[in-house]
>>> print(open('upload36.cif').read())   # mmCIF, C-alpha atoms
data_input
loop_
_atom_site.label_atom_id
_atom_site.label_comp_id
_atom_site.auth_asym_id
_atom_site.auth_seq_id
_atom_site.Cartn_x
_atom_site.Cartn_y
_atom_site.Cartn_z
CA MET A 1 -0.81 4.76 -20.01
CA ILE A 2 -3.91 3.03 -21.39
CA VAL A 3 -6.52 2.76 -18.64
CA GLY A 4 -9.45 0.37 -19.08
CA VAL A 5 -12.86 0.62 -17.43
CA PRO A 6 -14.97 -2.54 -17.91
CA LYS A 7 -18.66 -2.77 -17.08
CA GLU A 8 -19.30 -4.34 -13.67
CA ILE A 9 -20.92 -7.76 -13.90
CA LYS A 10 -21.63 -8.73 -10.30
CA ASN A 11 -25.32 -9.25 -9.51
CA HIS A 12 -27.16 -5.90 -9.49
CA GLU A 13 -23.90 -3.93 -9.57
CA TYR A 14 -24.43 -0.62 -11.33
CA ARG A 15 -21.41 1.32 -10.13
CA VAL A 16 -18.57 2.08 -12.51
CA GLY A 17 -14.84 2.44 -11.91
CA MET A 18 -14.59 5.91 -13.43
CA VAL A 19 -17.21 8.57 -14.18
CA PRO A 20 -16.70 10.89 -17.19
CA GLY A 21 -15.29 13.63 -14.95
CA SER A 22 -12.56 11.26 -13.74
CA VAL A 23 -11.83 10.18 -17.30
CA ARG A 24 -11.42 13.83 -18.28
CA GLU A 25 -8.78 14.28 -15.58
CA LEU A 26 -6.80 11.32 -16.96
CA THR A 27 -7.04 12.42 -20.57
CA ASN A 28 -5.91 15.90 -19.51
CA HIS A 29 -2.78 14.22 -18.16
CA GLY A 30 -2.15 12.70 -21.59
CA HIS A 31 -3.41 9.20 -20.89
CA GLN A 32 -5.78 7.09 -22.96
CA VAL A 33 -8.97 5.70 -21.44
CA ILE A 34 -10.99 2.88 -22.94
CA VAL A 35 -14.45 2.17 -21.58
CA GLU A 36 -16.66 -0.84 -22.22
CA THR A 37 -19.92 0.10 -23.90
CA ASN A 38 -22.73 0.92 -21.43
CA ALA A 39 -20.33 0.74 -18.46
CA GLY A 40 -21.85 3.90 -16.95
CA LEU A 41 -25.44 3.34 -18.01
CA GLY A 42 -26.52 2.21 -14.54
CA ILE A 43 -25.86 5.70 -13.19
CA GLY A 44 -27.08 7.59 -16.22
CA PHE A 45 -23.88 8.05 -18.25
CA SER A 46 -24.04 7.13 -21.94
CA ASP A 47 -21.17 6.10 -24.17
CA GLN A 48 -21.40 9.58 -25.70
CA ASP A 49 -20.72 11.13 -22.31
CA TYR A 50 -17.43 9.23 -22.19
CA LEU A 51 -16.59 10.04 -25.81
CA ASN A 52 -17.13 13.73 -25.03
CA VAL A 53 -14.28 13.68 -22.50
CA GLY A 54 -11.82 11.85 -24.72
CA ALA A 55 -12.43 8.18 -23.96
CA SER A 56 -12.83 5.50 -26.59
CA ILE A 57 -15.55 2.86 -26.39
CA GLN A 58 -14.95 -0.88 -26.72
CA LYS A 59 -17.74 -3.33 -27.46
CA ASN A 60 -16.91 -5.86 -24.72
CA ALA A 61 -14.78 -6.53 -21.65
CA ALA A 62 -12.38 -8.78 -23.57
CA GLU A 63 -11.31 -5.84 -25.75
CA VAL A 64 -10.84 -3.61 -22.69
CA PHE A 65 -8.73 -6.18 -20.83
CA ALA A 66 -6.69 -6.97 -23.95
CA SER A 67 -5.79 -3.33 -24.61
CA ALA A 68 -5.39 -1.75 -21.17
CA ASP A 69 -2.21 -1.36 -19.13
CA MET A 70 -4.36 -0.77 -16.04
CA ILE A 71 -7.87 -1.97 -15.23
CA VAL A 72 -9.94 0.22 -12.90
CA LYS A 73 -13.01 -1.47 -11.40
CA VAL A 74 -15.27 -1.31 -8.38
CA LYS A 75 -15.89 -4.90 -7.30
CA GLU A 76 -13.50 -7.82 -7.19
CA PRO A 77 -12.97 -9.40 -10.63
CA GLN A 78 -15.31 -12.30 -11.28
CA ALA A 79 -13.90 -15.59 -12.58
CA ILE A 80 -14.49 -14.68 -16.23
CA GLU A 81 -12.67 -11.37 -15.68
CA ARG A 82 -9.76 -12.94 -13.80
CA ALA A 83 -9.18 -15.20 -16.77
CA MET A 84 -8.58 -12.09 -18.91
CA LEU A 85 -5.88 -10.60 -16.68
CA ARG A 86 -2.32 -10.90 -17.91
CA GLU A 87 1.19 -10.70 -16.52
CA GLY A 88 2.29 -7.14 -15.75
CA GLN A 89 -1.22 -5.67 -16.02
CA ILE A 90 -2.33 -3.41 -13.14
CA LEU A 91 -5.66 -4.17 -11.46
CA PHE A 92 -6.97 -1.43 -9.16
CA THR A 93 -10.24 -2.28 -7.39
CA TYR A 94 -11.76 -3.74 -4.23
CA LEU A 95 -10.44 -7.28 -3.77
CA HIS A 96 -11.33 -8.56 -0.25
CA LEU A 97 -9.04 -11.56 -0.69
CA ALA A 98 -8.84 -12.88 2.89
CA PRO A 99 -12.04 -14.97 2.71
CA ASP A 100 -11.75 -15.71 -1.03
CA LEU A 101 -9.28 -18.47 -1.91
CA PRO A 102 -10.43 -19.02 -5.54
CA GLN A 103 -9.97 -15.35 -6.41
CA THR A 104 -6.59 -15.24 -4.71
CA GLU A 105 -5.38 -18.32 -6.57
CA ASP A 106 -6.51 -16.86 -9.90
CA LEU A 107 -4.76 -13.53 -9.24
CA ILE A 108 -1.57 -15.39 -8.33
CA LYS A 109 -1.76 -17.33 -11.60
CA SER A 110 -2.36 -14.16 -13.61
CA LYS A 111 0.90 -12.55 -12.41
CA ALA A 112 -0.91 -9.20 -12.56
CA ILE A 113 -0.19 -6.30 -10.21
CA CYS A 114 -3.25 -6.30 -7.95
CA ILE A 115 -3.82 -3.26 -5.74
CA ALA A 116 -6.78 -3.35 -3.34
CA TYR A 117 -8.70 -0.21 -2.46
CA GLU A 118 -9.51 -1.61 0.99
CA THR A 119 -5.90 -1.93 2.24
CA VAL A 120 -4.58 1.47 1.12
CA THR A 121 -3.94 3.47 4.31
CA ASP A 122 -3.40 7.10 5.28
CA ASN A 123 -1.25 8.88 7.85
CA GLN A 124 -4.12 9.02 10.33
CA GLY A 125 -4.35 5.23 10.38
CA GLY A 126 -7.50 5.25 8.26
CA LEU A 127 -8.53 3.45 5.08
CA PRO A 128 -9.31 6.32 2.69
CA LEU A 129 -10.54 4.22 -0.24
CA LEU A 130 -12.73 1.99 1.91
CA ALA A 131 -14.18 4.87 3.94
CA PRO A 132 -16.65 6.17 1.31
CA MET A 133 -18.26 2.77 0.84
CA SER A 134 -18.26 2.16 4.59
CA GLU A 135 -20.17 5.41 4.98
CA VAL A 136 -22.71 4.31 2.39
CA ALA A 137 -23.01 0.75 3.71
CA GLY A 138 -23.34 1.95 7.30
CA ARG A 139 -26.22 4.24 6.40
CA MET A 140 -27.84 1.63 4.17
CA SER A 141 -27.62 -1.01 6.91
CA ILE A 142 -30.32 0.76 8.90
CA GLN A 143 -32.59 1.06 5.85
CA ALA A 144 -32.08 -2.64 5.12
CA GLY A 145 -32.59 -3.57 8.75
CA ALA A 146 -35.78 -1.54 9.01
CA GLN A 147 -37.20 -3.39 6.01
CA ALA A 148 -36.07 -6.76 7.40
CA LEU A 149 -38.07 -6.06 10.56
CA GLU A 150 -41.28 -5.72 8.55
CA LYS A 151 -43.63 -8.68 8.88
CA SER A 152 -43.88 -9.12 5.10
CA ASN A 153 -40.14 -9.85 5.16
CA ALA A 154 -40.46 -12.37 8.05
CA GLY A 155 -39.44 -9.78 10.65
CA ARG A 156 -41.04 -8.98 14.01
CA GLY A 157 -43.34 -6.39 12.48
CA MET A 158 -41.68 -3.45 14.23
CA LEU A 159 -41.31 0.15 13.16
CA LEU A 160 -37.71 1.09 13.92
CA GLY A 161 -38.59 4.37 15.63
CA GLY A 162 -41.83 3.24 17.23
CA VAL A 163 -44.66 5.76 17.69
CA PRO A 164 -45.88 7.71 20.73
CA GLY A 165 -46.81 5.17 23.39
CA VAL A 166 -45.00 2.29 21.65
CA ALA A 167 -41.32 1.59 22.27
CA PRO A 168 -38.84 1.84 19.38
CA ALA A 169 -36.67 -1.04 18.22
CA LYS A 170 -33.36 -1.69 19.96
CA VAL A 171 -30.51 -1.45 17.46
CA VAL A 172 -27.19 -2.97 18.54
CA ILE A 173 -24.20 -1.94 16.45
CA ILE A 174 -21.05 -4.04 16.77
CA GLY A 175 -18.05 -1.86 15.94
CA GLY A 176 -17.79 1.89 16.29
CA GLY A 177 -15.76 2.65 13.18
CA MET A 178 -16.91 4.23 9.94
CA VAL A 179 -19.74 1.73 9.40
CA GLY A 180 -20.91 1.89 13.01
CA ASN A 181 -20.79 5.67 13.18
CA ASN A 182 -22.85 6.07 10.02
CA ALA A 183 -25.30 3.37 11.06
CA ALA A 184 -25.78 5.17 14.35
CA GLN A 185 -26.49 8.47 12.59
CA MET A 186 -29.31 6.86 10.63
CA ALA A 187 -30.69 4.84 13.54
CA VAL A 188 -30.73 7.86 15.85
CA GLY A 189 -32.40 9.91 13.13
CA MET A 190 -35.14 7.31 12.82
CA GLY A 191 -35.76 7.33 16.56
CA ALA A 192 -34.40 3.90 17.48
CA GLU A 193 -32.80 2.93 20.78
CA VAL A 194 -29.11 2.59 19.86
CA VAL A 195 -26.28 0.71 21.56
CA ILE A 196 -22.75 0.62 20.11
CA LEU A 197 -20.16 -1.92 21.26
CA ASP A 198 -16.43 -1.49 20.68
CA ARG A 199 -13.18 -2.52 22.37
CA ASN A 200 -11.44 0.78 21.79
CA VAL A 201 -12.20 3.17 24.66
CA ASN A 202 -11.10 6.15 22.57
CA VAL A 203 -13.66 5.18 19.92
CA LEU A 204 -16.36 4.98 22.61
CA ARG A 205 -15.32 8.42 23.93
CA ARG A 206 -15.53 9.89 20.43
CA LEU A 207 -19.00 8.41 19.89
CA ASP A 208 -20.16 9.63 23.29
CA ALA A 209 -18.94 13.15 22.49
CA GLN A 210 -20.62 13.02 19.08
CA PHE A 211 -24.01 11.59 20.06
CA GLY A 212 -24.29 12.35 23.78
CA ASN A 213 -27.27 10.67 25.43
CA LYS A 214 -28.84 9.74 22.08
CA ILE A 215 -26.91 6.44 22.17
CA LYS A 216 -25.38 4.08 24.73
CA THR A 217 -21.73 3.11 24.36
CA VAL A 218 -20.63 -0.25 25.77
CA TYR A 219 -17.16 -1.74 26.08
CA SER A 220 -17.37 -5.02 24.16
CA THR A 221 -16.74 -8.09 26.26
CA THR A 222 -18.10 -11.56 25.57
CA GLU A 223 -20.70 -11.05 28.30
CA ALA A 224 -21.73 -7.56 27.17
CA LEU A 225 -22.00 -8.57 23.53
CA GLU A 226 -24.16 -11.58 24.40
CA GLU A 227 -26.44 -9.52 26.65
CA HIS A 228 -27.13 -6.83 24.08
CA VAL A 229 -27.39 -9.11 21.05
CA LEU A 230 -30.02 -11.24 22.78
CA GLU A 231 -32.01 -8.11 23.66
CA ALA A 232 -31.71 -6.60 20.17
CA ASP A 233 -34.37 -6.24 17.56
CA LEU A 234 -31.74 -5.35 14.95
CA VAL A 235 -28.01 -6.15 15.02
CA ILE A 236 -25.56 -4.38 12.70
CA GLY A 237 -22.22 -6.16 12.19
CA GLY A 238 -19.69 -3.46 11.39
CA VAL A 239 -16.40 -5.04 12.49
CA LEU A 240 -13.30 -4.58 10.33
CA VAL A 241 -9.77 -5.94 10.60
CA ALA A 242 -8.01 -4.32 7.63
CA GLY A 243 -7.28 -6.89 4.93
CA ALA A 244 -8.12 -9.84 7.17
CA ALA A 245 -11.15 -12.06 7.57
CA ALA A 246 -13.67 -10.60 10.02
CA PRO A 247 -13.83 -12.30 13.45
CA LYS A 248 -17.03 -14.27 14.14
CA LEU A 249 -18.27 -12.34 17.16
CA VAL A 250 -21.94 -13.36 17.08
CA THR A 251 -22.17 -17.13 17.42
CA ALA A 252 -24.74 -19.60 16.16
CA GLU A 253 -25.83 -20.04 19.78
CA HIS A 254 -26.50 -16.31 20.03
CA ILE A 255 -28.65 -16.47 16.90
CA LYS A 256 -30.60 -19.39 18.28
CA ASN A 257 -31.44 -17.40 21.41
CA MET A 258 -32.34 -14.09 19.72
CA LYS A 259 -35.94 -12.92 19.50
CA ALA A 260 -37.97 -14.55 16.75
CA GLY A 261 -38.30 -12.12 13.88
CA SER A 262 -35.31 -10.02 14.87
CA ALA A 263 -32.85 -9.07 12.14
CA ILE A 264 -29.14 -8.95 11.40
CA VAL A 265 -27.32 -6.89 8.79
CA ASP A 266 -23.74 -8.16 8.39
CA VAL A 267 -21.88 -5.30 6.72
CA ALA A 268 -18.61 -7.21 7.21
CA ILE A 269 -19.71 -9.92 4.77
CA ASP A 270 -17.16 -8.76 2.14
CA GLN A 271 -14.50 -9.94 4.58
CA GLY A 272 -16.33 -13.15 5.45
CA GLY A 273 -18.80 -11.67 7.93
CA CYS A 274 -18.72 -11.21 11.70
CA ILE A 275 -21.85 -13.31 12.30
CA ALA A 276 -21.31 -17.08 12.44
CA THR A 277 -24.49 -17.83 10.49
CA SER A 278 -23.86 -15.29 7.71
CA LYS A 279 -23.40 -16.18 4.06
CA ALA A 280 -23.07 -13.75 1.19
CA THR A 281 -26.30 -12.82 -0.59
CA THR A 282 -27.16 -10.59 -3.54
CA HIS A 283 -29.53 -7.70 -4.16
CA ALA A 284 -31.69 -10.13 -6.16
CA ASP A 285 -32.17 -12.37 -3.08
CA PRO A 286 -30.86 -10.36 -0.12
CA THR A 287 -32.13 -12.20 2.94
CA PHE A 288 -32.42 -15.66 4.46
CA ILE A 289 -33.69 -17.00 7.78
CA VAL A 290 -31.73 -18.89 10.43
CA ASP A 291 -33.52 -19.82 13.68
CA ASP A 292 -36.26 -17.27 12.94
CA VAL A 293 -33.71 -14.44 12.59
CA VAL A 294 -33.70 -12.51 9.29
CA HIS A 295 -30.17 -12.21 7.87
CA TYR A 296 -29.31 -9.49 5.33
CA CYS A 297 -25.82 -10.21 3.98
CA VAL A 298 -25.51 -8.49 0.59
CA ALA A 299 -21.84 -8.38 -0.35
CA ASN A 300 -22.09 -5.20 -2.44
CA MET A 301 -24.58 -3.13 -0.47
CA PRO A 302 -23.53 0.26 -1.96
CA GLY A 303 -24.35 -1.14 -5.41
CA ALA A 304 -28.00 -0.46 -4.61
CA VAL A 305 -27.32 3.29 -4.59
CA PRO A 306 -24.78 3.40 -7.41
CA LEU A 307 -25.07 7.09 -8.22
CA THR A 308 -24.10 8.19 -4.72
CA SER A 309 -21.59 5.37 -4.32
CA THR A 310 -19.77 5.85 -7.61
CA PHE A 311 -19.15 9.55 -7.08
CA ALA A 312 -18.08 8.99 -3.47
CA LEU A 313 -15.66 6.29 -4.58
CA ASN A 314 -14.28 8.28 -7.52
CA ASN A 315 -13.60 11.25 -5.26
CA ALA A 316 -11.32 9.00 -3.20
CA THR A 317 -9.68 6.86 -5.90
CA LEU A 318 -8.96 9.44 -8.60
CA PRO A 319 -5.73 10.85 -7.09
CA PHE A 320 -4.34 7.32 -6.81
CA ILE A 321 -5.38 6.43 -10.38
CA ILE A 322 -3.60 9.55 -11.67
CA LYS A 323 -0.52 8.73 -9.60
CA LEU A 324 -0.36 5.19 -11.04
CA ALA A 325 -0.82 6.47 -14.58
CA ASN A 326 1.69 9.32 -14.27
CA LYS A 327 4.44 7.52 -12.38
CA GLY A 328 3.91 3.84 -13.21
CA TYR A 329 3.13 1.35 -10.48
CA LYS A 330 6.68 0.92 -9.12
CA GLU A 331 7.42 4.57 -8.48
CA ALA A 332 3.84 5.30 -7.36
CA LEU A 333 3.93 2.52 -4.76
CA LEU A 334 7.52 2.82 -3.57
CA SER A 335 7.23 6.57 -3.07
CA ASP A 336 4.20 6.23 -0.78
CA GLN A 337 4.15 3.62 2.01
CA HIS A 338 0.40 4.10 2.51
CA PHE A 339 -0.26 3.38 -1.16
CA LEU A 340 2.17 0.46 -1.01
CA ASN A 341 -0.04 -1.10 1.67
CA GLY A 342 -2.65 -1.53 -1.05
CA LEU A 343 -0.49 -3.98 -3.00
CA ASN A 344 -1.93 -7.47 -2.38
CA VAL A 345 -0.58 -9.61 -5.23
CA ILE A 346 2.27 -9.09 -7.70
CA ASN A 347 4.06 -11.51 -10.03
CA GLY A 348 2.35 -14.46 -8.36
CA GLN A 349 3.36 -13.40 -4.83
CA ILE A 350 1.18 -12.37 -1.87
CA THR A 351 2.32 -9.02 -0.47
CA CYS A 352 -0.45 -8.43 2.08
CA ALA A 353 0.44 -10.10 5.39
CA SER A 354 -3.16 -10.58 6.59
CA VAL A 355 -4.20 -12.24 3.31
CA ALA A 356 -1.19 -14.56 3.42
CA GLU A 357 -1.93 -15.48 7.02
CA ASN A 358 -5.64 -16.08 6.48
CA LEU A 359 -5.17 -18.24 3.38
CA GLY A 360 -1.92 -20.01 4.26
CA PHE A 361 0.34 -18.45 1.61
CA GLU A 362 3.90 -17.27 2.02
CA PHE A 363 4.10 -13.53 2.63
CA VAL A 364 6.56 -11.54 0.53
CA ASP A 365 7.49 -8.02 1.61
CA PRO A 366 6.04 -5.68 -1.05
CA LYS A 367 9.31 -3.75 -1.36
CA VAL A 368 11.11 -7.01 -2.05
CA ALA A 369 8.47 -8.04 -4.58
CA LEU A 370 8.80 -4.71 -6.37
CA ALA A 371 12.61 -4.75 -6.48
#
>>> encode(input="upload36.cif", output="structure tokens")
Amino acid sequence: MIVGVPKEIKNHEYRVGMVPGSVRELTNHGHQVIVETNAGLGIGFSDQDYLNVGASIQKNAAEVFASADMIVKVKEPQAIERAMLREGQILFTYLHLAPDLPQTEDLIKSKAICIAYETVTDNQGGLPLLAPMSEVAGRMSIQAGAQALEKSNAGRGMLLGGVPGVAPAKVVIIGGGMVGNNAAQMAVGMGAEVVILDRNVNVLRRLDAQFGNKIKTVYSTTEALEEHVLEADLVIGGVLVAGAAAPKLVTAEHIKNMKAGSAIVDVAIDQGGCIATSKATTHADPTFIVDDVVHYCVANMPGAVPLTSTFALNNATLPFIIKLANKGYKEALLSDQHFLNGLNVINGQITCASVAENLGFEFVDPKVALA
């Protein structure tokens, strides 16, 4: 198979779909890899590094898309990239289609085979290709939130951990999954007061066993969420419904009644956000103010630490890339139900139930679509 790796073009996105080590694994399996020039430059890999492991270099994305049987990316294809997809071509990347009608419509028109990292599952009920970036984003959310609380960024002027004699900031984390857990690790380490809300009692038990009295766990009801959000100095939105748009748990009324200069980091923004006042931002212009509350809603947070993020992502995606290349998409997907859950669009049909429901398309069973 010919596998193509284009350079990412989203704002301040320096990650790359495959590092040279991953390319070497594919070429060792007898596959051909074509990489757009400077695709890995953002994390310190030159074209020569890719040539050294058997890849060939193409001068632009158009040549990569035109030649490749499979495109491996990091972020969802931008409009100019979607226009280069063709019928029968495999696209393997993050898609986050539920809140993104234009992208979904373009992928339907392309008739490409579109497999989303974020809906591939495992036999423990987890999301193995989303987990690495959730770990990164969860940890980064506290860094971003700490900066947002600084007065120069329109925040309250608080140090997250306080100092002796001065109380630390109260950090309220909504969702105790991978994002919430990693956010809590960072917030606890910085000395903040930490509260985590979740509706899964088993998740709360796990967090309690992990952190003990360093955090407070709260069962998330409407009343409890309102109480803690209004008391918070920093709110982290870490809610995920796999493949679906995130529920709007923090309302505009909540924002209006929060402390002036408090901050929100909506890590769920890729799936539309779990804060009613959120809108996607970029690393070039990461924050905005609503009712004196600083909102940080960067849709590709891990792109700010691309070296860490790219290796973490490659560690997770490489076995699936090899499986697709070795077996072809039909056998690779049909032989593994968890991998099959990653199929979102094929031959102009929506095969992810949550995407179909959110955007009003007809859902086609992926096994039927692949037949």
>>> atom_distance(input="upload36.cif", atom1="CA of Val171 in chain A", atom2="CA of Gln271 in chain A")
22.2 Å
>>> resolve_selection(input="upload36.cif", expression="the PyMOL selection byres ((chain A and resi 254) around 10)", output="PyMOL selection string")
chain A and resi 225-227+229-230+249-253+255-258+275-277
>>> resolve_selection(input="upload36.cif", expression="the PyMOL selection byres ((chain A and resi 73) around 8)", output="list in words")
Val5, Pro6, Glu8, Val16, Gly17, Met18, Ile71, Val72, Val74, Lys75, Glu76, Pro77, Leu91, Phe92, Thr93 and Tyr94 of chain A
>>> closest_residue(input="upload36.cif", among="A:Leu333, A:Val298, A:Ile57, A:Ala245", to="Gly4 in chain A", atoms="only C-alpha atoms")
A:Ile57
>>> closest_residue(input="upload36.cif", among="A:Ala167, A:Leu107, A:Ala312, A:Val305", to="Gly348 in chain A", atoms="only C-alpha atoms")
A:Leu107
>>> resolve_selection(input="upload36.cif", expression="the PyMOL selection byres ((chain A and resi 161-165) around 12)", output="short mmCIF file (atom, residue, chain, number, x, y, z; two decimals) with C-alpha atoms, in the coordinates of the input")
data_model
loop_
_atom_site.label_atom_id
_atom_site.label_comp_id
_atom_site.auth_asym_id
_atom_site.auth_seq_id
_atom_site.Cartn_x
_atom_site.Cartn_y
_atom_site.Cartn_z
CA ILE A 142 -30.32 0.76 8.90
CA GLN A 143 -32.59 1.06 5.85
CA ALA A 146 -35.78 -1.54 9.01
CA LEU A 149 -38.07 -6.06 10.56
CA GLY A 157 -43.34 -6.39 12.48
CA MET A 158 -41.68 -3.45 14.23
CA LEU A 159 -41.31 0.15 13.16
CA LEU A 160 -37.71 1.09 13.92
CA VAL A 166 -45.00 2.29 21.65
CA ALA A 167 -41.32 1.59 22.27
CA PRO A 168 -38.84 1.84 19.38
CA ALA A 169 -36.67 -1.04 18.22
CA LYS A 170 -33.36 -1.69 19.96
CA VAL A 171 -30.51 -1.45 17.46
CA MET A 186 -29.31 6.86 10.63
CA ALA A 187 -30.69 4.84 13.54
CA VAL A 188 -30.73 7.86 15.85
CA GLY A 189 -32.40 9.91 13.13
CA MET A 190 -35.14 7.31 12.82
CA GLY A 191 -35.76 7.33 16.56
CA ALA A 192 -34.40 3.90 17.48
CA GLU A 193 -32.80 2.93 20.78
CA VAL A 194 -29.11 2.59 19.86
CA ASP A 233 -34.37 -6.24 17.56
CA LEU A 234 -31.74 -5.35 14.95
#
>>> atom_distance(input="upload36.cif", atom1="CA of Arg139 in chain A", atom2="CA of Ala183 in chain A")
4.8 Å
>>> atom_distance(input="upload36.cif", atom1="CA of Pro366 in chain A", atom2="CA of Glu105 in chain A")
17.9 Å
>>> residues_around(input="upload36.cif", residues="Tyr219 in chain A", least_positions_apart="6", cutoff="9 Å", atoms="only C-alpha atoms", output="list in words")
Ile196, Leu197, Asp198, Arg199, Asn200, Val201, Leu204 and Leu225 of chain A
>>> closest_residue(input="upload36.cif", among="A:Glu118, A:Asp49, A:Glu63, A:Asp266", to="Leu95 in chain A", atoms="all atoms listed in the file")
A:Glu118
>>> closest_residue(input="upload36.cif", among="A:Leu324, A:Ala39, A:Ile269, A:Leu51", to="Lys7 in chain A", atoms="only C-alpha atoms")
A:Ala39
>>> closest_residue(input="upload36.cif", among="A:Val179, A:Ala68, A:Val19, A:Ala280", to="Ile236 in chain A", atoms="only C-alpha atoms")
A:Val179
>>> residues_around(input="upload36.cif", residues="Asn123 in chain A", least_positions_apart="4", cutoff="10 Å", atoms="all atoms listed in the file", output="list in words")
Leu127, Pro128, Gln337 and His338 of chain A
>>> closest_residue(input="upload36.cif", among="A:Val293, A:Ala246, A:Ala299, A:Val172", to="Ala232 in chain A", atoms="only C-alpha atoms")
A:Val172
>>> residues_around(input="upload36.cif", residues="Asn153 in chain A", least_positions_apart="2", cutoff="10 Å", atoms="all atoms listed in the file", output="list in words")
Gln147, Ala148, Leu149, Glu150, Lys151, Gly155, Arg156, Gly157, Gly261, Thr287, Phe288, Ile289 and Val294 of chain A
>>> axis_aligned_box(input="upload36.cif", around="range 245-260 of chain A", padding_each_side="5 Å", output="lines of an AutoDock Vina configuration file")
center_x = -24.6
center_y = -15.3
center_z = 14.5
size_x = 36.8
size_y = 19.4
size_z = 23.8
>>> closest_atom_pairs(input="upload36.cif", of="range 56-124 of chain A", to="range 352-356 of chain A", cutoff="12 Å", atoms="only C-alpha atoms", output="JSON lines")
{"residue": "A:Leu95", "atom": "CA", "partner": "A:Val355", "partner_atom": "CA", "distance": 10.7}
{"residue": "A:His96", "atom": "CA", "partner": "A:Val355", "partner_atom": "CA", "distance": 8.8}
{"residue": "A:Leu97", "atom": "CA", "partner": "A:Val355", "partner_atom": "CA", "distance": 6.3}
{"residue": "A:Ala98", "atom": "CA", "partner": "A:Val355", "partner_atom": "CA", "distance": 4.7}
{"residue": "A:Pro99", "atom": "CA", "partner": "A:Val355", "partner_atom": "CA", "distance": 8.3}
{"residue": "A:Asp100", "atom": "CA", "partner": "A:Val355", "partner_atom": "CA", "distance": 9.4}
{"residue": "A:Leu101", "atom": "CA", "partner": "A:Val355", "partner_atom": "CA", "distance": 9.6}
{"residue": "A:Gln103", "atom": "CA", "partner": "A:Val355", "partner_atom": "CA", "distance": 11.7}
{"residue": "A:Thr104", "atom": "CA", "partner": "A:Val355", "partner_atom": "CA", "distance": 8.9}
{"residue": "A:Glu105", "atom": "CA", "partner": "A:Ala356", "partner_atom": "CA", "distance": 11.5}
{"residue": "A:Ile108", "atom": "CA", "partner": "A:Ala356", "partner_atom": "CA", "distance": 11.8}
{"residue": "A:Cys114", "atom": "CA", "partner": "A:Cys352", "partner_atom": "CA", "distance": 10.6}
{"residue": "A:Ile115", "atom": "CA", "partner": "A:Cys352", "partner_atom": "CA", "distance": 10.0}
{"residue": "A:Ala116", "atom": "CA", "partner": "A:Cys352", "partner_atom": "CA", "distance": 9.8}
{"residue": "A:Glu118", "atom": "CA", "partner": "A:Cys352", "partner_atom": "CA", "distance": 11.4}
{"residue": "A:Thr119", "atom": "CA", "partner": "A:Cys352", "partner_atom": "CA", "distance": 8.5}
{"residue": "A:Val120", "atom": "CA", "partner": "A:Cys352", "partner_atom": "CA", "distance": 10.8}
>>> residues_around(input="upload36.cif", residues="range 82-85 of chain A", least_positions_apart="3", cutoff="9 Å", atoms="all atoms listed in the file", output="ChimeraX atom specification")
/A:61-62,65-66,71,77-79,88-91,103,106-107,110-112
